file start-v2.tsv (TSV, C-alpha atoms)
chain	number	residue	atom	x	y	z
A	1432	MET	CA	-44.69	21.95	7.13
A	1433	GLN	CA	-40.93	22.28	7.53
A	1434	HIS	CA	-39.18	18.91	7.70
A	1435	GLU	CA	-35.87	18.26	9.44
A	1436	PRO	CA	-32.96	17.85	7.02
A	1437	ALA	CA	-31.66	14.37	6.22
A	1438	PHE	CA	-28.07	13.47	5.46
A	1439	GLY	CA	-26.17	11.15	3.18
A	1440	ILE	CA	-22.77	9.97	4.45
A	1441	ASP	CA	-20.21	8.47	2.09
A	1442	PHE	CA	-17.57	7.11	4.48
A	1443	GLY	CA	-14.74	6.15	2.16
A	1444	THR	CA	-11.43	4.37	2.45
A	1445	THR	CA	-9.51	7.45	1.28
A	1446	ASN	CA	-12.02	10.33	1.39
A	1447	SER	CA	-15.42	10.91	2.97
A	1448	VAL	CA	-18.25	13.20	1.85
A	1449	VAL	CA	-21.41	14.46	3.56
A	1450	ALA	CA	-24.48	15.68	1.66
A	1451	ARG	CA	-27.56	17.39	3.13
A	1452	LEU	CA	-31.11	17.20	1.84
A	1453	GLY	CA	-33.17	20.20	2.87
A	1454	ALA	CA	-36.08	22.21	1.57
A	1455	ASP	CA	-33.81	23.75	-1.06
A	1456	GLY	CA	-32.51	20.40	-2.36
A	1457	VAL	CA	-29.19	18.59	-1.94
A	1458	SER	CA	-25.98	20.36	-0.98
A	1459	VAL	CA	-22.55	18.93	-0.22
A	1460	ALA	CA	-20.83	20.01	2.99
A	1461	ARG	CA	-17.60	21.91	2.49
A	1462	HIS	CA	-14.62	21.44	4.76
A	1463	ALA	CA	-11.32	23.26	5.12
A	1464	THR	CA	-9.96	21.54	2.00
A	1465	GLY	CA	-13.15	21.39	-0.08
A	1466	GLU	CA	-16.00	18.92	-0.34
A	1467	VAL	CA	-13.97	15.81	0.48
A	1468	PHE	CA	-12.69	15.04	3.97
A	1469	ARG	CA	-9.61	12.82	4.15
A	1470	SER	CA	-10.46	9.58	5.97
A	1471	ILE	CA	-7.61	9.77	8.47
A	1472	LEU	CA	-7.53	9.89	12.25
A	1473	CYS	CA	-4.59	11.16	14.28
A	1474	PHE	CA	-3.82	10.82	17.98
A	1475	GLN	CA	-1.29	13.34	19.24
A	1476	GLY	CA	0.56	12.43	22.42
A	1477	SER	CA	-2.51	10.91	24.11
A	1478	TRP	CA	-5.44	8.66	23.23
A	1479	ARG	CA	-7.71	11.50	24.39
A	1480	ALA	CA	-6.23	14.05	21.94
A	1481	HIS	CA	-7.50	13.15	18.49
A	1482	MET	CA	-8.34	14.90	15.25
A	1483	ALA	CA	-9.43	13.88	11.77
A	1484	GLY	CA	-9.33	15.01	8.15
A	1485	PRO	CA	-7.27	18.12	7.32
A	1486	ALA	CA	-6.48	18.76	10.99
A	1487	ALA	CA	-5.08	15.24	11.34
A	1488	MET	CA	-2.93	15.69	8.27
A	1489	GLU	CA	-1.60	19.03	9.54
A	1490	ALA	CA	-0.77	17.60	12.97
A	1491	TYR	CA	1.03	14.67	11.42
A	1492	LEU	CA	3.09	16.82	9.06
A	1493	ASP	CA	4.02	19.20	11.89
A	1494	ASP	CA	5.33	16.47	14.18
A	1495	PRO	CA	5.13	12.90	12.85
A	1496	GLY	CA	7.01	11.47	15.79
A	1497	ALA	CA	4.37	12.61	18.28
A	1498	CYS	CA	1.45	11.22	16.28
A	1499	ARG	CA	-0.28	7.89	15.85
A	1500	LEU	CA	-1.83	8.21	12.41
A	1501	MET	CA	-4.57	5.88	11.19
A	1502	MET	CA	-6.00	5.68	7.71
A	1503	SER	CA	-7.96	3.21	5.58
A	1504	LEU	CA	-9.95	2.27	8.69
A	1505	LYS	CA	-12.85	1.19	6.50
A	1506	SER	CA	-10.72	-1.50	4.88
A	1507	HIS	CA	-10.39	-3.32	8.23
A	1508	LEU	CA	-14.10	-3.53	9.09
A	1509	GLY	CA	-14.57	-6.99	7.61
A	1510	GLN	CA	-11.37	-8.48	9.06
A	1511	ARG	CA	-11.86	-10.58	12.19
A	1512	SER	CA	-8.11	-10.51	12.79
A	1513	LEU	CA	-8.20	-6.82	13.70
A	1514	ARG	CA	-10.32	-6.19	16.78
A	1515	ASP	CA	-8.45	-3.46	18.62
A	1516	THR	CA	-5.14	-1.62	18.89
A	1517	LEU	CA	-3.08	0.06	21.59
A	1518	VAL	CA	-3.05	3.85	21.34
A	1519	PHE	CA	-0.83	5.66	23.83
A	1520	GLY	CA	-1.51	3.10	26.55
A	1521	ARG	CA	-5.23	2.67	25.85
A	1522	VAL	CA	-6.79	-0.29	23.99
A	1523	LEU	CA	-9.33	1.01	21.47
A	1524	GLU	CA	-11.61	-1.26	19.48
A	1525	LEU	CA	-11.98	-0.77	15.74
A	1526	GLU	CA	-15.58	0.40	16.15
A	1527	GLU	CA	-14.39	3.08	18.58
A	1528	LEU	CA	-11.74	4.30	16.15
A	1529	VAL	CA	-14.22	4.55	13.28
A	1530	GLY	CA	-16.72	6.19	15.62
A	1531	LEU	CA	-14.18	8.84	16.61
A	1532	PHE	CA	-13.46	9.58	12.95
A	1533	LEU	CA	-17.17	9.77	12.10
A	1534	GLY	CA	-17.76	12.08	15.04
A	1535	HIS	CA	-15.23	14.56	13.67
A	1536	LEU	CA	-16.64	14.23	10.14
A	1537	LEU	CA	-20.23	14.84	11.27
A	1538	ARG	CA	-19.35	17.81	13.47
A	1539	GLU	CA	-17.33	19.43	10.68
A	1540	ALA	CA	-20.28	18.96	8.32
A	1541	GLY	CA	-22.85	20.31	10.78
A	1542	VAL	CA	-24.77	17.06	11.24
A	1543	PRO	CA	-26.61	17.20	14.60
A	1544	PRO	CA	-26.66	14.07	16.80
A	1545	GLY	CA	-29.82	12.08	16.24
A	1546	SER	CA	-30.19	13.15	12.60
A	1547	ALA	CA	-31.68	10.80	10.01
A	1548	VAL	CA	-28.77	9.39	8.02
A	1549	VAL	CA	-28.44	7.10	5.03
A	1550	ALA	CA	-24.84	5.89	4.80
A	1551	GLY	CA	-23.07	3.99	2.07
A	1552	ARG	CA	-21.44	0.61	2.32
A	1553	PRO	CA	-19.42	-1.27	-0.29
A	1554	VAL	CA	-21.03	-4.20	-2.04
A	1555	ARG	CA	-18.20	-6.36	-0.69
A	1556	PHE	CA	-15.91	-5.17	2.06
A	1557	VAL	CA	-12.15	-5.22	1.47
A	1558	GLY	CA	-10.00	-8.26	2.14
A	1559	GLU	CA	-9.73	-11.93	1.34
A	1560	GLY	CA	-12.43	-13.71	3.30
A	1561	ALA	CA	-13.91	-10.43	4.58
A	1562	ASP	CA	-16.96	-10.96	6.78
A	1563	ASP	CA	-19.59	-8.59	5.36
A	1564	ALA	CA	-22.02	-9.18	8.22
A	1565	LEU	CA	-19.35	-8.36	10.79
A	1566	ALA	CA	-18.31	-5.28	8.82
A	1567	GLU	CA	-21.87	-3.96	8.71
A	1568	GLN	CA	-22.32	-4.65	12.42
A	1569	ARG	CA	-19.15	-2.70	13.20
A	1570	LEU	CA	-20.14	0.16	10.90
A	1571	ARG	CA	-23.53	0.48	12.62
A	1572	ALA	CA	-21.83	0.45	16.03
A	1573	ALA	CA	-19.43	3.19	14.90
A	1574	PHE	CA	-22.30	5.41	13.77
A	1575	ARG	CA	-24.05	4.86	17.12
A	1576	ALA	CA	-20.86	5.87	18.89
A	1577	ALA	CA	-20.89	9.07	16.79
A	1578	GLY	CA	-24.46	9.86	17.88
A	1579	ILE	CA	-26.40	8.51	14.89
A	1580	THR	CA	-29.19	6.06	15.76
A	1581	ASP	CA	-31.55	6.67	12.82
A	1582	LEU	CA	-29.38	4.93	10.24
A	1583	ARG	CA	-29.99	3.08	6.98
A	1584	LEU	CA	-27.17	1.48	4.97
A	1585	VAL	CA	-27.29	1.37	1.18
A	1586	ALA	CA	-24.86	-0.11	-1.36
A	1587	GLU	CA	-22.72	2.77	-2.62
A	1588	PRO	CA	-23.22	2.18	-6.36
A	1589	GLU	CA	-26.98	2.00	-5.78
A	1590	ALA	CA	-26.83	5.49	-4.26
A	1591	ALA	CA	-24.79	6.85	-7.17
A	1592	GLY	CA	-27.31	5.29	-9.54
A	1593	HIS	CA	-30.19	6.94	-7.70
A	1594	ARG	CA	-28.57	10.32	-8.31
A	1595	PHE	CA	-28.02	9.52	-11.97
A	1596	ALA	CA	-31.61	8.31	-12.44
A	1597	ARG	CA	-33.03	11.78	-11.73
A	1598	GLY	CA	-32.28	12.61	-15.36
A	1599	LEU	CA	-34.10	9.60	-16.82
A	1600	ASN	CA	-37.61	9.93	-18.21
A	1601	ALA	CA	-38.19	6.34	-19.31
A	1602	PRO	CA	-37.70	2.89	-17.76
A	1603	ALA	CA	-34.09	1.71	-17.98
A	1604	HIS	CA	-31.57	-0.84	-16.76
A	1605	VAL	CA	-28.48	0.94	-15.45
A	1606	LEU	CA	-25.09	-0.52	-14.58
A	1607	VAL	CA	-23.37	1.65	-11.97
A	1608	GLY	CA	-19.63	1.42	-11.29
A	1609	ASP	CA	-18.27	3.12	-8.18
A	1610	PHE	CA	-14.46	3.23	-8.01
A	1611	GLY	CA	-13.15	4.22	-4.59
A	1612	GLY	CA	-9.76	4.06	-2.96
A	1613	GLY	CA	-10.19	0.55	-1.59
A	1614	THR	CA	-13.01	-1.12	-3.54
A	1615	SER	CA	-14.62	-1.17	-6.97
A	1616	ASP	CA	-18.36	-1.84	-6.68
A	1617	PHE	CA	-21.03	-2.51	-9.29
A	1618	SER	CA	-24.82	-2.58	-9.17
A	1619	VAL	CA	-27.39	-3.34	-11.85
A	1620	LEU	CA	-30.51	-1.29	-11.20
A	1621	ARG	CA	-33.96	-1.04	-12.76
A	1622	PHE	CA	-35.40	2.47	-12.84
A	1623	ALA	CA	-38.92	3.49	-13.81
A	1624	PRO	CA	-40.40	6.98	-13.35
A	1625	GLY	CA	-42.57	7.12	-10.26
A	1626	ALA	CA	-41.64	3.59	-9.10
A	1627	PRO	CA	-39.17	2.38	-6.46
A	1628	THR	CA	-35.69	1.48	-7.69
A	1629	GLN	CA	-35.09	-2.24	-8.10
A	1630	ALA	CA	-31.62	-3.59	-7.36
A	1631	LEU	CA	-31.16	-6.60	-9.65
A	1632	GLY	CA	-27.54	-7.51	-9.00
A	1633	HIS	CA	-24.45	-6.45	-7.08
A	1634	ALA	CA	-20.76	-7.36	-7.13
A	1635	GLY	CA	-17.64	-5.82	-5.65
A	1636	ILE	CA	-13.90	-6.37	-5.33
A	1637	GLY	CA	-11.15	-4.98	-3.10
A	1638	ILE	CA	-9.16	-3.50	-5.99
A	1639	ALA	CA	-9.25	0.23	-6.71
A	1640	GLY	CA	-7.22	3.43	-6.93
A	1641	ASP	CA	-4.87	2.66	-4.04
A	1642	ASP	CA	-3.78	-0.51	-5.81
A	1643	PHE	CA	-2.97	1.46	-8.98
A	1644	ASP	CA	-0.77	3.81	-6.93
A	1645	ALA	CA	0.93	0.83	-5.31
A	1646	ALA	CA	1.71	-0.62	-8.75
A	1647	ILE	CA	3.63	2.53	-9.71
A	1648	LEU	CA	5.52	2.52	-6.43
A	1649	ARG	CA	6.32	-1.18	-6.74
A	1650	HIS	CA	7.56	-1.06	-10.33
A	1651	ALA	CA	9.06	2.43	-10.68
A	1652	VAL	CA	10.27	3.39	-7.21
A	1653	ALA	CA	11.06	0.33	-5.10
A	1654	PRO	CA	13.73	-1.06	-7.50
A	1655	LEU	CA	15.68	2.19	-7.03
A	1656	LEU	CA	15.60	1.69	-3.26
A	1657	GLY	CA	17.03	-1.83	-3.15
A	1658	GLN	CA	14.13	-4.06	-4.14
A	1659	GLY	CA	15.52	-6.95	-6.19
A	1660	GLY	CA	18.98	-6.64	-4.68
A	1661	HIS	CA	20.79	-9.32	-2.67
A	1662	TYR	CA	22.90	-9.61	0.47
A	1663	ARG	CA	25.24	-12.34	1.59
A	1664	VAL	CA	25.10	-14.36	4.79
A	1665	ILE	CA	27.77	-17.07	5.24
A	1666	GLU	CA	28.51	-17.02	1.50
A	1667	GLN	CA	24.82	-17.48	0.63
A	1668	ALA	CA	23.12	-14.84	-1.50
A	1669	LEU	CA	19.67	-13.90	-0.19
A	1670	PRO	CA	17.17	-11.41	-1.65
A	1671	VAL	CA	16.71	-8.11	0.14
A	1672	PRO	CA	13.62	-8.74	2.33
A	1673	VAL	CA	10.38	-7.75	0.62
A	1674	ALA	CA	9.15	-6.59	4.04
A	1675	PHE	CA	11.37	-3.52	3.61
A	1676	PHE	CA	9.06	-2.39	0.79
A	1677	ALA	CA	5.68	-3.37	2.20
A	1678	GLY	CA	5.18	0.22	3.32
A	1679	PHE	CA	4.92	1.40	-0.27
A	1680	ALA	CA	1.29	0.31	-0.58
A	1681	ARG	CA	0.22	3.16	1.73
A	1682	TRP	CA	2.28	6.28	2.36
A	1683	HIS	CA	1.80	6.29	6.14
A	1684	ARG	CA	3.33	2.84	6.45
A	1685	LEU	CA	6.67	4.24	5.34
A	1686	ALA	CA	6.58	6.47	8.42
A	1687	GLN	CA	5.67	3.49	10.61
A	1688	MET	CA	8.97	1.87	9.59
A	1689	ARG	CA	10.86	4.42	11.72
A	1690	SER	CA	11.31	2.05	14.65
A	1691	PRO	CA	14.97	1.72	15.67
A	1692	ARG	CA	14.83	-2.04	15.16
A	1693	GLN	CA	13.50	-1.74	11.60
A	1694	LEU	CA	16.12	0.85	10.67
A	1695	ARG	CA	18.88	-1.30	12.19
A	1696	ASP	CA	17.69	-4.28	10.17
A	1697	ILE	CA	17.79	-2.31	6.91
A	1698	ALA	CA	21.22	-0.88	7.76
A	1699	GLU	CA	22.62	-4.36	8.51
A	1700	VAL	CA	21.30	-5.76	5.22
A	1701	ALA	CA	22.71	-2.71	3.40
A	1702	ARG	CA	26.17	-3.40	4.87
A	1703	LEU	CA	26.12	-6.92	3.40
A	1704	SER	CA	24.31	-6.14	0.15
A	1705	ASP	CA	25.14	-5.41	-3.48
A	1706	VAL	CA	22.87	-2.29	-3.32
A	1707	PRO	CA	24.13	-0.40	-0.25
A	1708	GLU	CA	23.54	3.08	-1.70
A	1709	GLN	CA	19.95	2.27	-2.65
A	1710	LEU	CA	19.15	0.92	0.81
A	1711	ALA	CA	20.83	3.95	2.38
A	1712	ALA	CA	18.44	6.12	0.34
A	1713	LEU	CA	15.52	4.07	1.67
A	1714	ILE	CA	16.69	4.71	5.23
A	1715	ARG	CA	16.90	8.46	4.55
A	1716	LEU	CA	13.36	8.55	3.14
A	1717	ILE	CA	12.05	6.74	6.21
A	1718	GLU	CA	13.97	8.88	8.71
A	1719	ASP	CA	12.98	12.12	6.98
A	1720	GLU	CA	9.26	11.24	6.78
A	1721	GLN	CA	9.06	11.46	3.00
A	1722	GLY	CA	6.23	8.96	2.54
A	1723	LEU	CA	3.55	11.58	1.87
A	1724	SER	CA	5.69	13.54	-0.58
A	1725	LEU	CA	6.51	10.37	-2.49
A	1726	TYR	CA	2.85	9.34	-2.52
A	1727	ARG	CA	1.80	12.72	-3.93
A	1728	SER	CA	4.33	12.44	-6.74
A	1729	VAL	CA	3.00	9.00	-7.64
A	1730	ALA	CA	-0.63	10.14	-7.50
A	1731	ALA	CA	0.21	13.06	-9.80
A	1732	VAL	CA	1.70	10.68	-12.38
A	1733	LYS	CA	-1.35	8.42	-12.25
A	1734	ALA	CA	-3.63	11.41	-12.81
A	1735	ALA	CA	-1.46	12.70	-15.68
A	1736	LEU	CA	-1.59	9.32	-17.41
A	1737	SER	CA	-5.37	9.62	-17.62
A	1738	ALA	CA	-4.87	12.50	-20.07
A	1739	ASP	CA	-1.44	11.89	-21.61
A	1740	GLU	CA	0.34	8.92	-23.18
A	1741	ALA	CA	3.34	9.43	-20.90
A	1742	ALA	CA	4.26	11.31	-17.74
A	1743	VAL	CA	7.40	11.85	-15.68
A	1744	LEU	CA	7.59	10.72	-12.08
A	1745	ASP	CA	9.68	13.51	-10.57
A	1746	PHE	CA	10.73	13.10	-6.94
A	1747	ARG	CA	13.82	14.40	-5.19
A	1748	HIS	CA	15.01	14.29	-1.61
A	1749	GLY	CA	18.55	14.73	-0.42
A	1750	GLY	CA	20.83	12.73	-2.67
A	1751	PHE	CA	17.99	10.57	-3.97
A	1752	SER	CA	16.11	11.52	-7.11
A	1753	ILE	CA	13.76	9.92	-9.61
A	1754	GLN	CA	13.02	11.35	-13.03
A	1755	ARG	CA	11.33	8.31	-14.51
A	1756	ARG	CA	9.28	8.56	-17.71
A	1757	ILE	CA	6.30	6.22	-17.44
A	1758	THR	CA	4.15	5.48	-20.46
A	1759	ARG	CA	0.46	4.74	-20.25
A	1760	LYS	CA	1.12	1.38	-21.93
A	1761	GLU	CA	3.67	0.52	-19.26
A	1762	PHE	CA	1.31	1.51	-16.45
A	1763	GLU	CA	-1.51	-0.52	-17.99
A	1764	GLY	CA	0.77	-3.55	-18.10
A	1765	TRP	CA	1.48	-3.15	-14.38
A	1766	ILE	CA	-2.24	-3.14	-13.54
A	1767	ALA	CA	-3.37	-5.68	-16.17
A	1768	ARG	CA	-4.18	-8.36	-13.61
A	1769	ASP	CA	-6.21	-5.90	-11.54
A	1770	LEU	CA	-8.12	-4.80	-14.65
A	1771	ALA	CA	-8.98	-8.40	-15.50
A	1772	ARG	CA	-10.37	-8.96	-12.02
A	1773	ILE	CA	-12.43	-5.76	-12.24
A	1774	ALA	CA	-13.86	-6.93	-15.58
A	1775	ALA	CA	-14.75	-10.29	-14.04
A	1776	THR	CA	-16.57	-8.48	-11.24
A	1777	VAL	CA	-18.70	-6.66	-13.82
A	1778	ASP	CA	-19.56	-10.11	-15.22
A	1779	ALA	CA	-20.64	-11.22	-11.75
A	1780	ALA	CA	-22.97	-8.22	-11.31
A	1781	LEU	CA	-24.60	-8.83	-14.70
A	1782	GLY	CA	-24.86	-12.55	-13.99
A	1783	GLU	CA	-26.65	-11.96	-10.70
A	1784	ALA	CA	-29.03	-9.58	-12.50
A	1785	GLY	CA	-29.68	-12.11	-15.23
A	1786	LEU	CA	-28.78	-9.63	-17.97
A	1787	GLY	CA	-26.29	-9.60	-20.81
A	1788	ASP	CA	-24.40	-6.57	-22.10
A	1789	GLY	CA	-27.25	-5.79	-24.48
A	1790	GLY	CA	-29.75	-5.55	-21.65
A	1791	ILE	CA	-28.02	-2.48	-20.16
A	1792	ASP	CA	-29.38	0.88	-21.32
A	1793	HIS	CA	-26.96	3.15	-19.45
A	1794	VAL	CA	-23.62	2.79	-17.68
A	1795	PHE	CA	-22.84	5.36	-14.97
A	1796	LEU	CA	-19.24	5.46	-13.72
A	1797	THR	CA	-18.10	7.47	-10.73
A	1798	GLY	CA	-15.00	7.74	-8.55
A	1799	GLY	CA	-11.51	8.90	-9.50
A	1800	SER	CA	-10.35	5.66	-11.14
A	1801	ALA	CA	-13.37	5.67	-13.48
A	1802	TYR	CA	-11.31	8.01	-15.65
A	1803	VAL	CA	-8.25	5.81	-15.90
A	1804	PRO	CA	-8.39	5.06	-19.66
A	1805	ALA	CA	-7.79	1.32	-19.24
A	1806	VAL	CA	-10.68	1.13	-16.77
A	1807	ARG	CA	-12.97	3.09	-19.06
A	1808	ARG	CA	-12.09	0.81	-22.01
A	1809	ILE	CA	-13.54	-2.15	-20.11
A	1810	PHE	CA	-16.95	-0.51	-20.43
A	1811	GLU	CA	-16.55	1.13	-23.83
A	1812	ALA	CA	-15.62	-2.22	-25.39
A	1813	ARG	CA	-18.67	-3.94	-23.94
A	1814	PHE	CA	-21.37	-1.28	-24.01
A	1815	GLY	CA	-20.15	1.38	-26.45
A	1816	ALA	CA	-19.16	4.93	-25.59
A	1817	GLY	CA	-22.69	6.19	-26.27
A	1818	ARG	CA	-24.11	4.34	-23.25
A	1819	LEU	CA	-21.47	5.65	-20.84
A	1820	ALA	CA	-22.05	8.59	-18.49
A	1821	GLY	CA	-20.21	10.04	-15.52
A	1822	GLY	CA	-20.01	12.99	-13.20
A	1823	GLY	CA	-19.68	13.91	-9.55
A	1824	GLU	CA	-16.53	11.81	-9.24
A	1825	PHE	CA	-16.22	12.37	-5.51
A	1826	THR	CA	-19.72	13.49	-4.49
A	1827	SER	CA	-22.27	11.43	-6.44
A	1828	VAL	CA	-22.55	8.67	-3.82
A	1829	ALA	CA	-23.16	11.13	-0.95
A	1830	GLU	CA	-25.68	13.09	-3.02
A	1831	GLY	CA	-27.53	9.91	-3.92
A	1832	LEU	CA	-27.56	8.81	-0.29
A	1833	ALA	CA	-29.03	12.18	0.74
A	1834	LEU	CA	-31.74	11.87	-1.89
A	1835	MET	CA	-32.56	8.38	-0.62
A	1836	ALA	CA	-32.69	9.73	2.94
A	1837	GLY	CA	-35.57	11.96	1.88
A	1838	ARG	CA	-37.73	9.14	0.58

call {"tool": "encode", "arguments": {"input": "start-v2.tsv", "output": "structure tokens"}}
result
Amino acid sequence: MQHEPAFGIDFGTTNSVVARLGADGVSVARHATGEVFRSILCFQGSWRAHMAGPAAMEAYLDDPGACRLMMSLKSHLGQRSLRDTLVFGRVLELEELVGLFLGHLLREAGVPPGSAVVAGRPVRFVGEGADDALAEQRLRAAFRAAGITDLRLVAEPEAAGHRFARGLNAPAHVLVGDFGGGTSDFSVLRFAPGAPTQALGHAGIGIAGDDFDAAILRHAVAPLLGQGGHYRVIEQALPVPVAFFAGFARWHRLAQMRSPRQLRDIAEVARLSDVPEQLAALIRLIEDEQGLSLYRSVAAVKAALSADEAAVLDFRHGGFSIQRRITRKEFEGWIARDLARIAATVDAALGEAGLGDGGIDHVFLTGGSAYVPAVRRIFEARFGAGRLAGGGEFTSVAEGLALMAGR
């Protein structure tokens, strides 16, 4: 008897992936740019004209001024403070926005409406005081809006662990670490051949790859654009407002600073400051929509530092240029506090499971930041390199979800 295919959906903060379980096994859907689909939504000129993924990126790059670009939608699901937003004269609720994105993702991947879907969710949603119950409610509503009513939600590291466990032939306790763009999640799982998986403990934190990028921008780039400078008002020296540099955490926020009022504010501070040329460079980057180019240069340095002891951040635009050598040691110092909080989250997962380091047989790490050396050392120091495994950096969660959809 031929069964209908089932699907695993990894809706991520930065990228999303769809996997299909059919008679021939699990396959990952390919899009115009590969297996991952950028988690961005773009409205162009009207709230009715929207696109997602590569098409959204292309539309934005072609004409940023005509677009309302949205990214990191997942990171807002647990925040009660964000309920809706105005898009070209129309108020759209967060669930609607996520539903529109998911609709594009599912159509691109060939997922028919009404399909059986197992989707991932972080162990803890992003944000201080995030409401996990609200976030899950919104996520379910978004999937319904996209035509999916047969839905099961599973913790993302549990899905990655399910994929990993296919290669085990004996009972084992496995610690799974899933490092995304917005969250780092951990699950302690008990596997036994022929028996259901037991989830013994979970923990998560809203620190991940995007925060590592932001650290490079904050320490290596922002000081060259006026951060740390001062301006004078009635003979009083005041620091250049930190709000001018808030956009560096996410590249699209730099473009959102293009409002005439914001640019006037920066220009006025520049006129009264001790760093006028640096602030003038900031204005040029904003006006010329250079946020994405700057972000790509930073991401390239972060990736290079996973293999090399030093890398050069090379970015040039107009009269502004950066050729900044960054050492791995320097970068690790910038993210030291984040690393300590990630390590504490691993402690929390083990504590909930009632296991010590010695009770873990395997450690499976997935996601791009799993290969940042300082992140990997957290696990090597505690469990030894011999217990560590990895693979499927961007697809393991979706593949695991698809496998779970077939159970």

call {"tool": "closest_residue", "arguments": {"input": "start-v2.tsv", "among": "A:Leu1796, A:Leu1781, A:Phe1574, A:Leu1723", "to": "Arg1684 in chain A", "atoms": "only C-alpha atoms"}}
result
A:Leu1723

call {"tool": "residues_around", "arguments": {"input": "start-v2.tsv", "residues": "range 1823-1834 of chain A", "least_positions_apart": "5", "cutoff": "9 Å", "atoms": "only C-alpha atoms", "output": "NGL selection string"}}
result
:A and (1437-1442 or 1446-1452 or 1456-1459 or 1466-1467 or 1548-1551 or 1585 or 1587-1595 or 1609-1611 or 1796-1801)

call {"tool": "write_last_selection", "arguments": {"input": "start-v2.tsv", "atoms": "C-alpha atoms", "output": "PDB file, keeping the file's coordinate frame"}}
result
ATOM      1  CA  ALA A1437     -31.660  14.370   6.220  1.00  0.00           C
ATOM      2  CA  PHE A1438     -28.070  13.470   5.460  1.00  0.00           C
ATOM      3  CA  GLY A1439     -26.170  11.150   3.180  1.00  0.00           C
ATOM      4  CA  ILE A1440     -22.770   9.970   4.450  1.00  0.00           C
ATOM      5  CA  ASP A1441     -20.210   8.470   2.090  1.00  0.00           C
ATOM      6  CA  PHE A1442     -17.570   7.110   4.480  1.00  0.00           C
ATOM      7  CA  ASN A1446     -12.020  10.330   1.390  1.00  0.00           C
ATOM      8  CA  SER A1447     -15.420  10.910   2.970  1.00  0.00           C
ATOM      9  CA  VAL A1448     -18.250  13.200   1.850  1.00  0.00           C
ATOM     10  CA  VAL A1449     -21.410  14.460   3.560  1.00  0.00           C
ATOM     11  CA  ALA A1450     -24.480  15.680   1.660  1.00  0.00           C
ATOM     12  CA  ARG A1451     -27.560  17.390   3.130  1.00  0.00           C
ATOM     13  CA  LEU A1452     -31.110  17.200   1.840  1.00  0.00           C
ATOM     14  CA  GLY A1456     -32.510  20.400  -2.360  1.00  0.00           C
ATOM     15  CA  VAL A1457     -29.190  18.590  -1.940  1.00  0.00           C
ATOM     16  CA  SER A1458     -25.980  20.360  -0.980  1.00  0.00           C
ATOM     17  CA  VAL A1459     -22.550  18.930  -0.220  1.00  0.00           C
ATOM     18  CA  GLU A1466     -16.000  18.920  -0.340  1.00  0.00           C
ATOM     19  CA  VAL A1467     -13.970  15.810   0.480  1.00  0.00           C
ATOM     20  CA  VAL A1548     -28.770   9.390   8.020  1.00  0.00           C
ATOM     21  CA  VAL A1549     -28.440   7.100   5.030  1.00  0.00           C
ATOM     22  CA  ALA A1550     -24.840   5.890   4.800  1.00  0.00           C
ATOM     23  CA  GLY A1551     -23.070   3.990   2.070  1.00  0.00           C
ATOM     24  CA  VAL A1585     -27.290   1.370   1.180  1.00  0.00           C
ATOM     25  CA  GLU A1587     -22.720   2.770  -2.620  1.00  0.00           C
ATOM     26  CA  PRO A1588     -23.220   2.180  -6.360  1.00  0.00           C
ATOM     27  CA  GLU A1589     -26.980   2.000  -5.780  1.00  0.00           C
ATOM     28  CA  ALA A1590     -26.830   5.490  -4.260  1.00  0.00           C
ATOM     29  CA  ALA A1591     -24.790   6.850  -7.170  1.00  0.00           C
ATOM     30  CA  GLY A1592     -27.310   5.290  -9.540  1.00  0.00           C
ATOM     31  CA  HIS A1593     -30.190   6.940  -7.700  1.00  0.00           C
ATOM     32  CA  ARG A1594     -28.570  10.320  -8.310  1.00  0.00           C
ATOM     33  CA  PHE A1595     -28.020   9.520 -11.970  1.00  0.00           C
ATOM     34  CA  ASP A1609     -18.270   3.120  -8.180  1.00  0.00           C
ATOM     35  CA  PHE A1610     -14.460   3.230  -8.010  1.00  0.00           C
ATOM     36  CA  GLY A1611     -13.150   4.220  -4.590  1.00  0.00           C
ATOM     37  CA  LEU A1796     -19.240   5.460 -13.720  1.00  0.00           C
ATOM     38  CA  THR A1797     -18.100   7.470 -10.730  1.00  0.00           C
ATOM     39  CA  GLY A1798     -15.000   7.740  -8.550  1.00  0.00           C
ATOM     40  CA  GLY A1799     -11.510   8.900  -9.500  1.00  0.00           C
ATOM     41  CA  SER A1800     -10.350   5.660 -11.140  1.00  0.00           C
ATOM     42  CA  ALA A1801     -13.370   5.670 -13.480  1.00  0.00           C
TER      43      ALA A1801
END

call {"tool": "atom_distance", "arguments": {"input": "start-v2.tsv", "atom1": "CA of Pro1691 in chain A", "atom2": "CA of Ile1647 in chain A"}}
result
27.8 Å

call {"tool": "atom_distance", "arguments": {"input": "start-v2.tsv", "atom1": "CA of His1604 in chain A", "atom2": "CA of Ala1816 in chain A"}}
result
16.3 Å

call {"tool": "closest_residue", "arguments": {"input": "start-v2.tsv", "among": "A:Pro1485, A:Gly1530, A:Gly1749, A:Gly1598", "to": "Asp1719 in chain A", "atoms": "all atoms listed in the file"}}
result
A:Gly1749

call {"tool": "residues_around", "arguments": {"input": "start-v2.tsv", "residues": "range 1493-1508 of chain A", "least_positions_apart": "3", "cutoff": "6 Å", "atoms": "only C-alpha atoms", "output": "list in words"}}
result
Thr1444, Ile1471, Leu1472, Cys1473, Phe1474, Gln1475, Gly1476, Ala1490, Val1557 and Ala1566 of chain A

call {"tool": "atom_distance", "arguments": {"input": "start-v2.tsv", "atom1": "CA of Glu1526 in chain A", "atom2": "CA of Leu1570 in chain A"}}
result
7.0 Å
